[in-house]
>>> print(open('entry28.pdb').read())   # PDB, C-alpha atoms, pLDDT in the B column
ATOM      1  CA  ASP A1396       0.000   0.000   0.000  1.00 55.00           C
ATOM      2  CA  ALA A1397       1.037   3.585  -0.648  1.00 59.00           C
ATOM      3  CA  LYS A1398       2.507   5.329   2.375  1.00 85.00           C
ATOM      4  CA  THR A1399       1.040   8.681   1.447  1.00 93.00           C
ATOM      5  CA  THR A1400      -2.387  10.332   1.475  1.00 94.00           C
ATOM      6  CA  GLN A1401      -3.394  12.994  -1.032  1.00 96.00           C
ATOM      7  CA  PRO A1402      -6.694  14.732  -1.819  1.00 97.00           C
ATOM      8  CA  PRO A1403      -8.284  13.149  -4.906  1.00 96.00           C
ATOM      9  CA  SER A1404      -8.741  16.431  -6.753  1.00 97.00           C
ATOM     10  CA  MET A1405      -7.999  20.160  -6.615  1.00 97.00           C
ATOM     11  CA  ASP A1406      -8.682  23.215  -8.752  1.00 97.00           C
ATOM     12  CA  CYS A1407      -6.415  26.187  -9.272  1.00 96.00           C
ATOM     13  CA  ALA A1408      -6.839  29.401 -11.238  1.00 97.00           C
ATOM     14  CA  GLU A1409      -4.387  29.986 -14.051  1.00 97.00           C
ATOM     15  CA  GLY A1410      -1.521  32.229 -12.935  1.00 97.00           C
ATOM     16  CA  ARG A1411      -2.039  31.507  -9.268  1.00 97.00           C
ATOM     17  CA  ALA A1412       0.104  29.245  -7.103  1.00 97.00           C
ATOM     18  CA  ALA A1413      -0.997  25.632  -6.842  1.00 98.00           C
ATOM     19  CA  ASN A1414      -0.324  24.084  -3.445  1.00 98.00           C
ATOM     20  CA  LEU A1415      -0.657  20.312  -3.420  1.00 98.00           C
ATOM     21  CA  PRO A1416      -0.578  18.650   0.009  1.00 98.00           C
ATOM     22  CA  CYS A1417       0.656  15.194   0.909  1.00 97.00           C
ATOM     23  CA  ASN A1418       0.431  13.398   4.223  1.00 96.00           C
ATOM     24  CA  HIS A1419       3.111  10.848   5.087  1.00 94.00           C
ATOM     25  CA  SER A1420       2.742  10.525   8.834  1.00 93.00           C
ATOM     26  CA  THR A1421       4.559   7.154   9.021  1.00 90.00           C
ATOM     27  CA  ILE A1422       7.640   8.292   7.126  1.00 90.00           C
ATOM     28  CA  SER A1423      10.933   6.851   8.312  1.00 87.00           C
ATOM     29  CA  GLY A1424      14.143   8.768   8.803  1.00 86.00           C
ATOM     30  CA  ASN A1425      15.756   7.383   5.655  1.00 86.00           C
ATOM     31  CA  GLU A1426      12.785   7.891   3.350  1.00 90.00           C
ATOM     32  CA  TYR A1427      12.765  10.597   0.734  1.00 93.00           C
ATOM     33  CA  VAL A1428       9.664  12.374  -0.563  1.00 95.00           C
ATOM     34  CA  TYR A1429       9.287  12.339  -4.364  1.00 95.00           C
ATOM     35  CA  TRP A1430       6.770  14.129  -6.542  1.00 97.00           C
ATOM     36  CA  TYR A1431       5.730  13.122 -10.042  1.00 97.00           C
ATOM     37  CA  ARG A1432       2.994  14.217 -12.397  1.00 97.00           C
ATOM     38  CA  GLN A1433       1.250  12.424 -15.218  1.00 96.00           C
ATOM     39  CA  ILE A1434      -0.495  14.010 -18.136  1.00 93.00           C
ATOM     40  CA  HIS A1435      -3.059  11.804 -19.807  1.00 84.00           C
ATOM     41  CA  SER A1436      -1.597   8.880 -21.776  1.00 83.00           C
ATOM     42  CA  GLN A1437       2.009   9.796 -21.009  1.00 91.00           C
ATOM     43  CA  GLY A1438       4.578   8.383 -18.627  1.00 94.00           C
ATOM     44  CA  PRO A1439       4.881  10.080 -15.227  1.00 94.00           C
ATOM     45  CA  GLN A1440       7.288  12.999 -15.160  1.00 96.00           C
ATOM     46  CA  TYR A1441       9.673  13.497 -12.253  1.00 96.00           C
ATOM     47  CA  ILE A1442       9.255  16.914 -10.581  1.00 97.00           C
ATOM     48  CA  ILE A1443      11.308  17.118  -7.392  1.00 97.00           C
ATOM     49  CA  HIS A1444      12.390  15.199  -4.312  1.00 96.00           C
ATOM     50  CA  GLY A1445      13.775  15.904  -0.849  1.00 95.00           C
ATOM     51  CA  LEU A1446      14.654  14.423   2.517  1.00 93.00           C
ATOM     52  CA  LYS A1447      14.042  17.134   5.101  1.00 91.00           C
ATOM     53  CA  ASN A1448      15.128  20.467   3.692  1.00 88.00           C
ATOM     54  CA  ASN A1449      12.933  22.506   1.389  1.00 94.00           C
ATOM     55  CA  GLU A1450      13.877  22.117  -2.258  1.00 96.00           C
ATOM     56  CA  THR A1451      13.333  24.259  -5.329  1.00 97.00           C
ATOM     57  CA  ASN A1452      13.988  23.693  -9.007  1.00 96.00           C
ATOM     58  CA  GLU A1453      12.786  25.182 -12.274  1.00 95.00           C
ATOM     59  CA  MET A1454       9.484  23.350 -12.046  1.00 95.00           C
ATOM     60  CA  ALA A1455       8.381  23.598  -8.437  1.00 97.00           C
ATOM     61  CA  SER A1456       9.172  23.961  -4.755  1.00 98.00           C
ATOM     62  CA  LEU A1457       8.886  21.236  -2.146  1.00 98.00           C
ATOM     63  CA  ILE A1458       8.133  22.246   1.415  1.00 97.00           C
ATOM     64  CA  ILE A1459       8.576  19.496   4.036  1.00 96.00           C
ATOM     65  CA  THR A1460       7.347  20.110   7.573  1.00 96.00           C
ATOM     66  CA  GLU A1461       9.851  19.972  10.390  1.00 94.00           C
ATOM     67  CA  ASP A1462       8.437  16.694  11.699  1.00 94.00           C
ATOM     68  CA  ARG A1463       8.467  15.369   8.084  1.00 94.00           C
ATOM     69  CA  LYS A1464       4.934  14.032   8.420  1.00 94.00           C
ATOM     70  CA  SER A1465       3.626  16.101   5.556  1.00 96.00           C
ATOM     71  CA  SER A1466       4.790  18.067   2.562  1.00 97.00           C
ATOM     72  CA  THR A1467       3.468  20.521  -0.008  1.00 98.00           C
ATOM     73  CA  LEU A1468       4.352  20.784  -3.658  1.00 98.00           C
ATOM     74  CA  ILE A1469       4.090  24.357  -4.897  1.00 98.00           C
ATOM     75  CA  LEU A1470       3.718  25.299  -8.556  1.00 97.00           C
ATOM     76  CA  PRO A1471       4.293  29.055  -8.298  1.00 96.00           C
ATOM     77  CA  HIS A1472       2.385  30.224 -11.373  1.00 95.00           C
ATOM     78  CA  ALA A1473       0.113  27.455 -12.617  1.00 97.00           C
ATOM     79  CA  THR A1474      -0.633  27.241 -16.333  1.00 97.00           C
ATOM     80  CA  LEU A1475      -3.189  25.175 -18.219  1.00 97.00           C
ATOM     81  CA  ARG A1476      -0.376  22.758 -19.101  1.00 95.00           C
ATOM     82  CA  ASP A1477       0.042  21.946 -15.420  1.00 97.00           C
ATOM     83  CA  THR A1478      -3.299  20.135 -15.445  1.00 97.00           C
ATOM     84  CA  ALA A1479      -2.331  16.557 -14.544  1.00 97.00           C
ATOM     85  CA  VAL A1480      -2.408  13.897 -11.845  1.00 96.00           C
ATOM     86  CA  TYR A1481       0.237  14.566  -9.200  1.00 97.00           C
ATOM     87  CA  TYR A1482       1.744  11.711  -7.203  1.00 96.00           C
ATOM     88  CA  CYS A1483       3.534  11.991  -3.868  1.00 96.00           C
ATOM     89  CA  ILE A1484       5.743   9.011  -2.989  1.00 93.00           C
ATOM     90  CA  VAL A1485       8.005   8.162  -0.087  1.00 91.00           C
ATOM     91  CA  ARG A1486      10.869   5.774  -0.629  1.00 88.00           C
ATOM     92  CA  ALA A1487      13.991   4.737   1.228  1.00 79.00           C
ATOM     93  CA  ILE A1488      17.248   4.296  -0.628  1.00 71.00           C
ATOM     94  CA  ASN A1489      17.772   0.839   0.824  1.00 64.00           C
ATOM     95  CA  TYR A1490      18.274  -1.976  -1.637  1.00 53.00           C
ATOM     96  CA  GLY A1491      14.928  -3.389  -2.718  1.00 61.00           C
ATOM     97  CA  GLN A1492      12.780  -0.402  -1.810  1.00 70.00           C
ATOM     98  CA  ASN A1493      10.366   0.352  -4.602  1.00 80.00           C
ATOM     99  CA  PHE A1494       8.357   3.376  -5.670  1.00 86.00           C
ATOM    100  CA  VAL A1495       4.725   2.806  -4.667  1.00 85.00           C
ATOM    101  CA  PHE A1496       2.197   4.990  -6.476  1.00 87.00           C
ATOM    102  CA  GLY A1497      -1.149   5.811  -4.926  1.00 87.00           C
ATOM    103  CA  PRO A1498      -4.084   7.385  -6.803  1.00 89.00           C
ATOM    104  CA  GLY A1499      -2.578  10.890  -6.592  1.00 94.00           C
ATOM    105  CA  THR A1500      -4.286  14.301  -6.851  1.00 97.00           C
ATOM    106  CA  ARG A1501      -5.955  15.380 -10.066  1.00 96.00           C
ATOM    107  CA  LEU A1502      -5.107  19.072 -10.453  1.00 98.00           C
ATOM    108  CA  SER A1503      -7.265  21.097 -12.811  1.00 98.00           C
ATOM    109  CA  VAL A1504      -5.927  24.522 -13.747  1.00 97.00           C
ATOM    110  CA  LEU A1505      -8.850  26.710 -14.765  1.00 97.00           C
ATOM    111  CA  PRO A1506      -8.662  29.690 -17.160  1.00 95.00           C
TER     112      PRO A1506
ATOM    113  CA  ASP B 658      19.755  12.419 -25.266  1.00 59.00           C
ATOM    114  CA  GLY B 659      19.516   9.832 -22.523  1.00 69.00           C
ATOM    115  CA  GLY B 660      16.194   8.270 -21.806  1.00 93.00           C
ATOM    116  CA  ILE B 661      13.889   5.282 -21.837  1.00 96.00           C
ATOM    117  CA  THR B 662      12.370   4.020 -25.044  1.00 96.00           C
ATOM    118  CA  GLN B 663       9.266   1.880 -25.094  1.00 96.00           C
ATOM    119  CA  SER B 664       7.983   0.397 -28.285  1.00 90.00           C
ATOM    120  CA  PRO B 665       5.547   0.241 -29.835  1.00 91.00           C
ATOM    121  CA  LYS B 666       3.293   3.020 -28.565  1.00 93.00           C
ATOM    122  CA  TYR B 667       0.145   1.071 -29.451  1.00 95.00           C
ATOM    123  CA  LEU B 668      -0.142  -2.709 -29.697  1.00 94.00           C
ATOM    124  CA  PHE B 669      -3.095  -4.867 -30.662  1.00 94.00           C
ATOM    125  CA  ARG B 670      -3.315  -8.608 -30.143  1.00 92.00           C
ATOM    126  CA  LYS B 671      -5.855 -11.365 -30.255  1.00 92.00           C
ATOM    127  CA  GLU B 672      -6.792 -13.155 -27.074  1.00 91.00           C
ATOM    128  CA  GLY B 673      -4.638 -16.221 -26.444  1.00 90.00           C
ATOM    129  CA  GLN B 674      -1.484 -14.773 -27.981  1.00 92.00           C
ATOM    130  CA  ASN B 675       1.646 -13.902 -26.053  1.00 94.00           C
ATOM    131  CA  VAL B 676       3.053 -10.433 -26.693  1.00 95.00           C
ATOM    132  CA  THR B 677       6.381  -8.858 -25.741  1.00 95.00           C
ATOM    133  CA  LEU B 678       6.768  -5.180 -24.895  1.00 96.00           C
ATOM    134  CA  SER B 679      10.152  -3.599 -25.402  1.00 96.00           C
ATOM    135  CA  CYS B 680      11.963  -1.296 -22.964  1.00 97.00           C
ATOM    136  CA  GLU B 681      15.447   0.084 -23.572  1.00 97.00           C
ATOM    137  CA  GLN B 682      17.373   2.654 -21.521  1.00 97.00           C
ATOM    138  CA  ASN B 683      20.651   4.449 -22.152  1.00 96.00           C
ATOM    139  CA  LEU B 684      20.886   6.064 -18.734  1.00 95.00           C
ATOM    140  CA  ASN B 685      23.286   3.414 -17.370  1.00 94.00           C
ATOM    141  CA  HIS B 686      20.753   2.649 -14.646  1.00 94.00           C
ATOM    142  CA  ASP B 687      20.991  -0.596 -12.709  1.00 92.00           C
ATOM    143  CA  ALA B 688      17.337  -0.907 -11.689  1.00 93.00           C
ATOM    144  CA  MET B 689      14.427  -1.259 -14.093  1.00 95.00           C
ATOM    145  CA  TYR B 690      10.694  -1.603 -13.460  1.00 95.00           C
ATOM    146  CA  TRP B 691       7.432  -2.485 -15.197  1.00 96.00           C
ATOM    147  CA  TYR B 692       4.161  -0.935 -14.081  1.00 96.00           C
ATOM    148  CA  ARG B 693       0.627  -1.417 -15.271  1.00 96.00           C
ATOM    149  CA  GLN B 694      -1.990   1.350 -15.282  1.00 95.00           C
ATOM    150  CA  ASP B 695      -5.721   0.883 -15.829  1.00 93.00           C
ATOM    151  CA  PRO B 696      -8.054   3.780 -16.708  1.00 87.00           C
ATOM    152  CA  GLY B 697      -8.425   6.232 -13.846  1.00 82.00           C
ATOM    153  CA  GLN B 698      -6.129   4.189 -11.631  1.00 85.00           C
ATOM    154  CA  GLY B 699      -2.645   4.553 -10.199  1.00 86.00           C
ATOM    155  CA  LEU B 700       0.382   2.507 -11.191  1.00 91.00           C
ATOM    156  CA  ARG B 701       0.812  -1.087 -10.047  1.00 93.00           C
ATOM    157  CA  LEU B 702       4.192  -2.826 -10.013  1.00 93.00           C
ATOM    158  CA  ILE B 703       4.506  -5.951 -12.161  1.00 96.00           C
ATOM    159  CA  TYR B 704       8.208  -6.860 -12.047  1.00 95.00           C
ATOM    160  CA  TYR B 705      11.462  -5.159 -11.200  1.00 94.00           C
ATOM    161  CA  SER B 706      15.140  -5.867 -11.663  1.00 94.00           C
ATOM    162  CA  GLN B 707      17.956  -4.436  -9.584  1.00 91.00           C
ATOM    163  CA  ILE B 708      20.777  -6.007 -11.595  1.00 92.00           C
ATOM    164  CA  VAL B 709      21.410  -7.964 -14.771  1.00 95.00           C
ATOM    165  CA  ASN B 710      20.196 -11.585 -14.703  1.00 95.00           C
ATOM    166  CA  ASP B 711      18.096 -10.969 -11.605  1.00 94.00           C
ATOM    167  CA  PHE B 712      14.489  -9.857 -11.239  1.00 95.00           C
ATOM    168  CA  GLN B 713      11.714  -9.936  -8.654  1.00 93.00           C
ATOM    169  CA  LYS B 714       7.936 -10.161  -8.771  1.00 94.00           C
ATOM    170  CA  GLY B 715       5.968  -7.089  -7.939  1.00 92.00           C
ATOM    171  CA  ASP B 716       2.389  -6.891  -6.736  1.00 91.00           C
ATOM    172  CA  ILE B 717       0.689  -8.211  -9.878  1.00 95.00           C
ATOM    173  CA  ALA B 718       3.201 -10.554 -11.567  1.00 96.00           C
ATOM    174  CA  GLU B 719       0.760 -13.352 -12.455  1.00 96.00           C
ATOM    175  CA  GLY B 720       0.452 -13.780 -16.209  1.00 96.00           C
ATOM    176  CA  TYR B 721       3.628 -11.824 -16.966  1.00 97.00           C
ATOM    177  CA  SER B 722       7.274 -12.743 -17.475  1.00 97.00           C
ATOM    178  CA  VAL B 723      10.464 -10.722 -17.869  1.00 98.00           C
ATOM    179  CA  SER B 724      14.150 -11.144 -18.650  1.00 97.00           C
ATOM    180  CA  ARG B 725      17.186  -8.997 -17.925  1.00 97.00           C
ATOM    181  CA  GLU B 726      20.026 -10.273 -20.083  1.00 97.00           C
ATOM    182  CA  LYS B 727      21.475  -6.818 -20.667  1.00 96.00           C
ATOM    183  CA  LYS B 728      21.662  -3.757 -18.435  1.00 96.00           C
ATOM    184  CA  GLU B 729      19.971  -1.654 -21.080  1.00 97.00           C
ATOM    185  CA  SER B 730      17.001  -3.901 -21.781  1.00 97.00           C
ATOM    186  CA  PHE B 731      14.069  -5.228 -19.732  1.00 98.00           C
ATOM    187  CA  PRO B 732      11.388  -6.738 -22.000  1.00 97.00           C
ATOM    188  CA  LEU B 733       8.001  -7.716 -20.601  1.00 97.00           C
ATOM    189  CA  THR B 734       5.991 -10.618 -21.999  1.00 97.00           C
ATOM    190  CA  VAL B 735       2.258 -10.592 -21.460  1.00 96.00           C
ATOM    191  CA  THR B 736       1.218 -14.226 -21.634  1.00 94.00           C
ATOM    192  CA  SER B 737      -2.125 -15.751 -22.485  1.00 91.00           C
ATOM    193  CA  ALA B 738      -2.486 -16.548 -18.776  1.00 89.00           C
ATOM    194  CA  GLN B 739      -3.014 -12.855 -17.981  1.00 91.00           C
ATOM    195  CA  LYS B 740      -6.782 -12.582 -17.683  1.00 90.00           C
ATOM    196  CA  ASN B 741      -7.133  -8.835 -18.292  1.00 92.00           C
ATOM    197  CA  PRO B 742      -4.131  -7.782 -20.377  1.00 94.00           C
ATOM    198  CA  THR B 743      -5.625  -4.644 -21.913  1.00 96.00           C
ATOM    199  CA  ALA B 744      -3.890  -1.769 -20.131  1.00 96.00           C
ATOM    200  CA  PHE B 745      -1.259   0.968 -20.321  1.00 97.00           C
ATOM    201  CA  TYR B 746       2.213  -0.429 -19.575  1.00 97.00           C
ATOM    202  CA  LEU B 747       5.011   1.763 -18.264  1.00 97.00           C
ATOM    203  CA  CYS B 748       8.706   0.967 -18.003  1.00 97.00           C
ATOM    204  CA  ALA B 749      10.997   2.893 -15.674  1.00 95.00           C
ATOM    205  CA  SER B 750      14.571   2.910 -14.440  1.00 95.00           C
ATOM    206  CA  THR B 751      16.570   4.443 -11.641  1.00 92.00           C
ATOM    207  CA  GLY B 752      20.171   4.830 -10.612  1.00 88.00           C
ATOM    208  CA  GLN B 753      21.848   4.482  -7.238  1.00 83.00           C
ATOM    209  CA  GLY B 754      20.940   6.094  -3.940  1.00 83.00           C
ATOM    210  CA  ASN B 755      18.102   8.604  -3.940  1.00 87.00           C
ATOM    211  CA  SER B 756      17.970   8.962  -7.731  1.00 89.00           C
ATOM    212  CA  PRO B 757      14.441   9.488  -9.012  1.00 91.00           C
ATOM    213  CA  LEU B 758      12.583   7.060 -11.229  1.00 92.00           C
ATOM    214  CA  HIS B 759      12.574   7.880 -14.932  1.00 94.00           C
ATOM    215  CA  PHE B 760       9.715   6.665 -17.112  1.00 96.00           C
ATOM    216  CA  GLY B 761       9.245   5.830 -20.737  1.00 96.00           C
ATOM    217  CA  ASN B 762       6.161   7.043 -22.594  1.00 94.00           C
ATOM    218  CA  GLY B 763       4.362   3.748 -22.264  1.00 96.00           C
ATOM    219  CA  THR B 764       2.791   1.118 -24.487  1.00 97.00           C
ATOM    220  CA  ARG B 765      -0.973   0.862 -24.725  1.00 96.00           C
ATOM    221  CA  LEU B 766      -1.900  -2.793 -25.233  1.00 96.00           C
ATOM    222  CA  THR B 767      -5.343  -3.796 -26.456  1.00 95.00           C
ATOM    223  CA  VAL B 768      -6.307  -7.464 -26.512  1.00 93.00           C
ATOM    224  CA  THR B 769      -9.550  -8.496 -28.188  1.00 91.00           C
TER     225      THR B 769
END
>>> encode(input="entry28.pdb", output="structure tokens")
Amino acid sequence: DAKTTQPPSMDCAEGRAANLPCNHSTISGNEYVYWYRQIHSQGPQYIIHGLKNNETNEMASLIITEDRKSSTLILPHATLRDTAVYYCIVRAINYGQNFVFGPGTRLSVLP
Amino acid sequence: DGGITQSPKYLFRKEGQNVTLSCEQNLNHDAMYWYRQDPGQGLRLIYYSQIVNDFQKGDIAEGYSVSREKKESFPLTVTSAQKNPTAFYLCASTGQGNSPLHFGNGTRLTVT
């Protein structure tokens, strides 16, 4: 079973920030948080990952709470092309640990 | 450019036939994975391989087989024993440590 909980769907106005939450209350100390998104009929696209510090790249920012039990993916200026299903995954780097995908959050960016 | 290539994009087969889906990567990744996705659903792990000549069953391995004779290649065979083979199949790979998973663009298999 997936170790994360996400809302099934969210809406966001075009040009506004999209804040996607993820709960991972049972996360272990050696587990990273990864975010992916999937546009219909394509393979999932890697967005960002982190362990405990906040991370930022050209696509998004990842904010992890101090207790690491939840995180938020922030798309700073959402566009229509950001409409997709977003997956939050936790995974340790130990040998044999796999990426387990839950149902994710369907983000709809509205004009 | 480095990446994962899945072919073909669309595949049609008659019921009772085995079919092999191709997955090739030039990322020099050790680990490779096969996932299945049904409409409106998340991804489910079929098989994975951490190293050449070794592979492990995932959550839904029944009716599927794989081989890993080369680091770059991880073909998936959907056998006639798979009761509901029509689905979107995704291949992925990852490197060492905390490297993220990289996906191909998938093969959509339709069995009639």
>>> closest_residue(input="entry28.pdb", among="A:Asp1406, A:Asp1477, A:Asp1462, A:Glu1450", to="Asn1418 of chain A", atoms="only C-alpha atoms")
A:Asp1462
>>> residues_around(input="entry28.pdb", residues="segment 663-665 of chain B", least_positions_apart="2", cutoff="9 Å", atoms="only C-alpha atoms", output="list of chain:residue names")
B:Ile661, B:Tyr667, B:Leu668, B:Leu678, B:Ser679, B:Cys680, B:Glu681, B:Gln682, B:Leu747, B:Cys748, B:Gly761, B:Asn762, B:Gly763, B:Thr764, B:Arg765
>>> closest_residue(input="entry28.pdb", among="B:Gly720, B:Gln713, B:Ser706, B:Pro757", to="Gly673 of chain B", atoms="all atoms listed in the file")
B:Gly720
>>> residues_around(input="entry28.pdb", residues="Glu719 of chain B", least_positions_apart="2", cutoff="9 Å", atoms="all atoms listed in the file", output="list in words")
Ile703, Lys714, Asp716, Ile717, Tyr721, Ser722, Ala738 and Gln739 of chain B
>>> closest_residue(input="entry28.pdb", among="B:Asn755, B:Phe745, B:Phe669, B:Thr769", to="Val1428 of chain A", atoms="only C-alpha atoms")
B:Asn755
>>> closest_residue(input="entry28.pdb", among="A:Ala1408, A:Leu1505, A:Leu1457, A:Ile1434", to="chain B", atoms="only C-alpha atoms")
A:Ile1434
>>> axis_aligned_box(input="entry28.pdb", around="segment 1410-1427 of chain A", padding_each_side="4 Å", output="JSON")
{"center_x": 6.9, "center_y": 19.5, "center_z": -2.0, "size_x": 25.8, "size_y": 33.4, "size_z": 30.0}
>>> resolve_selection(input="entry28.pdb", expression="the ChimeraX specification (/B :<9) & /A", output="list of chain:residue names")
A:Tyr1427, A:Tyr1429, A:Ser1436, A:Gln1437, A:Gly1438, A:Pro1439, A:Gln1440, A:Tyr1441, A:Ile1443, A:His1444, A:Tyr1482, A:Arg1486, A:Ala1487, A:Ile1488, A:Asn1489, A:Tyr1490, A:Gly1491, A:Asn1493, A:Phe1494, A:Val1495, A:Phe1496, A:Gly1497, A:Pro1498, A:Gly1499
>>> atom_distance(input="entry28.pdb", atom1="atom CA of Ser1503 of chain A", atom2="atom CA of Ser1456 of chain A")
18.5 Å
>>> closest_residue(input="entry28.pdb", among="B:Ser730, B:Asn685, B:Ser737, B:Thr743", to="Thr662 of chain B", atoms="only C-alpha atoms")
B:Ser730
>>> residues_near_point(input="entry28.pdb", point="(11.5, 24.3, -4.6)", cutoff="12 Å", atoms="only C-alpha atoms", output="list of chain:residue names")
A:Asn1414, A:Trp1430, A:Ile1442, A:Ile1443, A:His1444, A:Gly1445, A:Asn1448, A:Asn1449, A:Glu1450, A:Thr1451, A:Asn1452, A:Glu1453, A:Met1454, A:Ala1455, A:Ser1456, A:Leu1457, A:Ile1458, A:Ile1459, A:Ser1466, A:Thr1467, A:Leu1468, A:Ile1469, A:Leu1470, A:Pro1471
>>> atom_distance(input="entry28.pdb", atom1="atom CA of Asp695 of chain B", atom2="atom CA of Ala718 of chain B")
15.1 Å
>>> residues_around(input="entry28.pdb", residues="Lys727 of chain B", least_positions_apart="3", cutoff="9 Å", atoms="only C-alpha atoms", output="list in words")
Val709, Asn710, Ser724, Ser730 and Phe731 of chain B
>>> closest_residue(input="entry28.pdb", among="A:Lys1464, A:Arg1476, A:Arg1411, A:Arg1501", to="Thr1399 of chain A", atoms="only C-alpha atoms")
A:Lys1464
>>> build_atoms(input="entry28.pdb", residues="segment 1462-1468 of chain A", atoms="all heavy atoms", output="PDB file, in the frame of the given file")
ATOM      1  N   ASP A1462       8.570  18.068  11.221  1.00 94.00           N
ATOM      2  CA  ASP A1462       8.437  16.694  11.699  1.00 94.00           C
ATOM      3  C   ASP A1462       8.397  15.683  10.552  1.00 94.00           C
ATOM      4  O   ASP A1462       8.305  14.479  10.790  1.00 94.00           O
ATOM      5  CB  ASP A1462       7.197  16.535  12.586  1.00 94.00           C
ATOM      6  CG  ASP A1462       5.901  16.796  11.843  1.00 94.00           C
ATOM      7  OD1 ASP A1462       5.922  16.973  10.604  1.00 94.00           O
ATOM      8  OD2 ASP A1462       4.842  16.837  12.499  1.00 94.00           O
ATOM      9  N   ARG A1463       8.449  16.165   9.330  1.00 94.00           N
ATOM     10  CA  ARG A1463       8.467  15.369   8.084  1.00 94.00           C
ATOM     11  C   ARG A1463       7.205  14.548   7.879  1.00 94.00           C
ATOM     12  O   ARG A1463       7.184  13.676   7.014  1.00 94.00           O
ATOM     13  CB  ARG A1463       9.695  14.460   8.056  1.00 94.00           C
ATOM     14  CG  ARG A1463      10.995  15.177   8.186  1.00 94.00           C
ATOM     15  CD  ARG A1463      12.154  14.556   7.449  1.00 94.00           C
ATOM     16  NE  ARG A1463      12.206  13.114   7.553  1.00 94.00           N
ATOM     17  CZ  ARG A1463      12.218  12.302   6.492  1.00 94.00           C
ATOM     18  NH1 ARG A1463      12.197  12.781   5.269  1.00 94.00           N
ATOM     19  NH2 ARG A1463      12.272  11.002   6.660  1.00 94.00           N
ATOM     20  N   LYS A1464       6.152  14.826   8.578  1.00 94.00           N
ATOM     21  CA  LYS A1464       4.934  14.032   8.420  1.00 94.00           C
ATOM     22  C   LYS A1464       4.049  14.523   7.293  1.00 94.00           C
ATOM     23  O   LYS A1464       3.048  13.877   6.956  1.00 94.00           O
ATOM     24  CB  LYS A1464       4.158  14.009   9.737  1.00 94.00           C
ATOM     25  CG  LYS A1464       4.890  13.260  10.842  1.00 94.00           C
ATOM     26  CD  LYS A1464       4.054  13.149  12.096  1.00 94.00           C
ATOM     27  CE  LYS A1464       4.785  12.317  13.151  1.00 94.00           C
ATOM     28  NZ  LYS A1464       3.992  12.150  14.381  1.00 94.00           N
ATOM     29  N   SER A1465       4.381  15.639   6.721  1.00 96.00           N
ATOM     30  CA  SER A1465       3.626  16.101   5.556  1.00 96.00           C
ATOM     31  C   SER A1465       4.501  17.001   4.703  1.00 96.00           C
ATOM     32  O   SER A1465       5.561  17.472   5.150  1.00 96.00           O
ATOM     33  CB  SER A1465       2.362  16.847   5.981  1.00 96.00           C
ATOM     34  OG  SER A1465       2.694  18.039   6.656  1.00 96.00           O
ATOM     35  N   SER A1466       4.058  17.195   3.468  1.00 97.00           N
ATOM     36  CA  SER A1466       4.790  18.067   2.562  1.00 97.00           C
ATOM     37  C   SER A1466       3.801  18.738   1.619  1.00 97.00           C
ATOM     38  O   SER A1466       2.636  18.318   1.498  1.00 97.00           O
ATOM     39  CB  SER A1466       5.840  17.291   1.769  1.00 97.00           C
ATOM     40  OG  SER A1466       5.254  16.281   0.971  1.00 97.00           O
ATOM     41  N   THR A1467       4.278  19.799   0.966  1.00 98.00           N
ATOM     42  CA  THR A1467       3.468  20.521  -0.008  1.00 98.00           C
ATOM     43  C   THR A1467       4.301  20.777  -1.247  1.00 98.00           C
ATOM     44  O   THR A1467       5.440  21.252  -1.143  1.00 98.00           O
ATOM     45  CB  THR A1467       2.986  21.870   0.559  1.00 98.00           C
ATOM     46  OG1 THR A1467       2.213  21.636   1.734  1.00 98.00           O
ATOM     47  CG2 THR A1467       2.140  22.619  -0.464  1.00 98.00           C
ATOM     48  N   LEU A1468       3.737  20.441  -2.385  1.00 98.00           N
ATOM     49  CA  LEU A1468       4.352  20.784  -3.658  1.00 98.00           C
ATOM     50  C   LEU A1468       3.741  22.096  -4.117  1.00 98.00           C
ATOM     51  O   LEU A1468       2.521  22.239  -4.167  1.00 98.00           O
ATOM     52  CB  LEU A1468       4.086  19.703  -4.703  1.00 98.00           C
ATOM     53  CG  LEU A1468       4.682  19.969  -6.084  1.00 98.00           C
ATOM     54  CD1 LEU A1468       6.186  19.763  -6.058  1.00 98.00           C
ATOM     55  CD2 LEU A1468       4.025  19.099  -7.142  1.00 98.00           C
TER      56      LEU A1468
END
